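**Student:** The structure's right below; bear with me while I get my questions together.
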Amino acid sequence: MTKQRIIGKVKRVNGPVIEATGITDAMIFELVRVGDERLIGEIVKLEDRSAIIQVYEDTVGITPGTPISGDNIPLSIELGPGLIGSIYDGIQRPLEEIRAISGTYITRGIEVPSLDRKRMWHFIPACKTGDSVTGGMVLGTVQETDLFSHKVLVPPDIDGTIAAIAAEGDSTVDAVVATVATNKGDRPLSLMHRWPIRIARPIKQRLPPEIPLITGQRVIDTLFPVAKGGTVAIPGGFGTGKTMTQQAIAKWCDADIIIYIGCGERGNEITDVLREFPAIIDPRTGRSLMERTVLIANTSNMPVSAREASIYTGVTMAEYFRDMGLHVAVMADSTSRWAEALRELSGRMEEMPAEEGFPAYLPTRIAEFYERAGYMRTCCGREGSVTIIGAVSPPGGDFSEPVTQHTKRFIRCFWGLDRQLANARHYPAISWLDSYSEYLMDIAPWWEQNVTVEWHADRGVIMDLLQREVKLQQVVKLVGPDALPDSQRFIIEVCSLFKNAFLQQNAFDAIDMFSTVQKQAKMLHIIVTWYQRGADAIKAGTTLVAIRKMKTFQDIIKMKFTISNDDLSGLDKLAAKLDRSFNLTVPGIRGEEARS
């Protein structure tokens with residue numbers, strides 16, 4: 001246990017913010033304990049012999065003169081075996097273990113280790129005595145789950161030579177398994193180590209993000225893809241499906257590890273996550289999704305200061321798994337609640353407010369968070385990534401408010417949610433007009449090499465049609481659809497087909513809830529072919545009515561439900577059927593009748 005020392009006493013209490021006086025021998029961002037109940041806090045401002053401390057627990061009952069002790073370390077979390085499948089609060093307190101001790105409500109000042117100190121792990125050493133080690137090297141492995149082998153890493157700040165290492169066998173997370181001789185003396189190492197949440201773990205090199213994060217959601221993977229190591233914002237008003245979209249990505253994306261941060265969200269939404277994730281079968285492994293997930297639950301009724309720390313806790317865990325050479329996806333739901341926590345704490349510290357009361361350093365904090373994403377080469381040469389997908393909850397769905405606007409400056413992928421789509425039960429309600437992705441050219445070579453060379457061209461065709469449809473719909477509202485020629489009405493028809501048969505996805509349908517990239521590419525190509533052949537047929541004299549009556553049209557509408565991910569030949573047959581239909585139809589309807 002860290003040695004305690006009295007560093008000052010309470011002068012004034014303002015909600016979760018405490019002003020302390022008589023401060024001696026303290027440092028900024030130091031972890032402190034307040035009063036006899038040892039409430040956890042963090043020094044956020046130092047000036048002369050006074051300090052401002054934000055406390056991560058309820059401060060009711062704290063009075064002037066209450067002693068404050070320091071831990072002599074910054075706010076840090078424990079990293080080691082036992083993280084996978086755990087549920088923590090914003091400062092990494094294990095909620096299930098706390099409930100077993102204190103019941104439904106968290107007792108103030110309760111101290112429970114983040115990682116179970118009694119559980120035994122089978123340690124297999126990967127080094128031997130005399131080996132030179134540096135930060136990030138693999139000391140040994142522990143089989144954390146049936147499918148996940150946890151690499152025990154040398155802490156990033158240690159370089160030296162192995163003086164002693166334990167033989168293969170069972171060990172607790174805090175038992176010494178190795179000793180490293182450094183130029184500052186011998187350092188004992190255990191299966192876990194601690195790392196400050198506000199300091200990014202070191203890396204060797206940032207690599208270009210060239211591999212897409214496959215989510216199984218067609219509107220994302222095809223129209224607005226994100227690369228592994230990318231940054232995404234999902235802004236949307238209340239009820240537009242931010243949480244649903246993030247949960248769908250968490251369930252189906254091809255990341256190795258999922259860190260889900262419920263930052264200031266309603267308790268019922270976090271409850272849904274806690275109930276659903278253990279029951280969901282991971283399609284890649286056939287086992288529970290929780291076997292590759294860490295949940296951080298910091299609901300809106302929990303201390304506001306812990307909400308501010310929660311996203312740093314989550315991204316630090318993500319960096320730890322990244323250092324093992326894994327691909328990690330961080331779901332932050334939502335960064336607006338985190339920004340509101342910053343605003344409240346800033347107000348209590350009597351700082352000068354900026355836009356809409358947010359602190360002037362809001363853009364800096366947002367940038368510091370998102371810049372911890374990336375596709376990295378670690379200090380020991382492994383490659384891993386951290387992808388950050390942050391939901392934004394602008395009041396009234398106003399995308400011009402500060403959090404959304406500042407977030408757009410630091411992300412490269414924007415999935416704007418549309419209330420009209422959500423009201424029409426079109427999910428995911430991602431607007432194809434407001435959204436964008438700057439990763440298209442980065443990941444296009446991957447699609448061409450691994451899926452099809454036609455992907456980029458097909459996507460360009462359909463995006464152009466969606467833009468043209470907007471202008472045509474404005475004309476329709478003025479004069480009606482009958483005033484348009486068949487060639488323009490056909491564009492509206494194709495876009496309607498694309499929205500319903502491709503973009504809209506049913507999360508409750510066993511086939512449609514997830515689409516492989518191969519299925520997405522073939523579906524897209526069929527719709528583009530439908531447009532191109534149909535446009536040629538109309539030029540040749542075929543009517544739009546005749547094209548609509550083709551039986552293949554109904555097959556295309558239903559293909560997302562009727563053709564499974566494993567039945568790609570079914571899509572090939574549909575494409576061939578489409579070609580035959582148009583070959584028989586041009587220049588009139590007699591071919592279709594003959595085919596029937």
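Starting from 1 in every chain, residues are counted up; chains themselves are A, B, ... following the order of the structure tokens, and ligands are numbered from 1 as listed.
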Excluding region 522-526 of chain A and its own-chain neighbours fewer than 5 positions away, which residues fall within 7 Å of it when counting only C-alpha atoms? Please give them as a count of residues only.
**Tutor:** 3
**Student:** Please provide as a list in words all residues within 10 Å of Ile249 (chain A), with the sequence filter that same-chain residues fewer than 2 positions apart are discarded (counting only C-alpha atoms).
**Tutor:**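 The filter keeps Leu213, Ile214, Thr215, Gly216, Gln217, Ile220, Thr243, Met244, Thr245, Gln246, Gln247, Lys251, Trp252, Cys253, Asp254, Ala255, Ile258, Ala329, Met331, Ile389 and Phe514 of chain A.
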**Student:** Would you compute the distance between CA of Val545 (chain A) and CA of Leu465 (chain A)? Give it in Å to one decimal.
**Tutor:**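 It comes out at 20.0 Å.
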**Student:** Which of region 24-154 of chain A counts as helix (DSSP H, G or I) under DSSP, as a PyMOL selection string please?
**Tutor:** chain A and resi 95-102
**Student:** Which of these residues is nearest to Cys379 (chain A), using only C-alpha atoms: A:Ala360, A:Val152, A:Ala318, A:Met137?
**Tutor:**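 Smallest separation from Cys379 (chain A) among the options: A:Met137.
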**Student:** Determine the nearest neighbour of Asp157 (chain A) from the options A:Ser69, A:Thr516, A:Thr134, A:Gln143, counting only C-alpha atoms.
**Tutor:**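 Looking only at the distances to Asp157 (chain A), the closest residue turns out to be A:Thr134.
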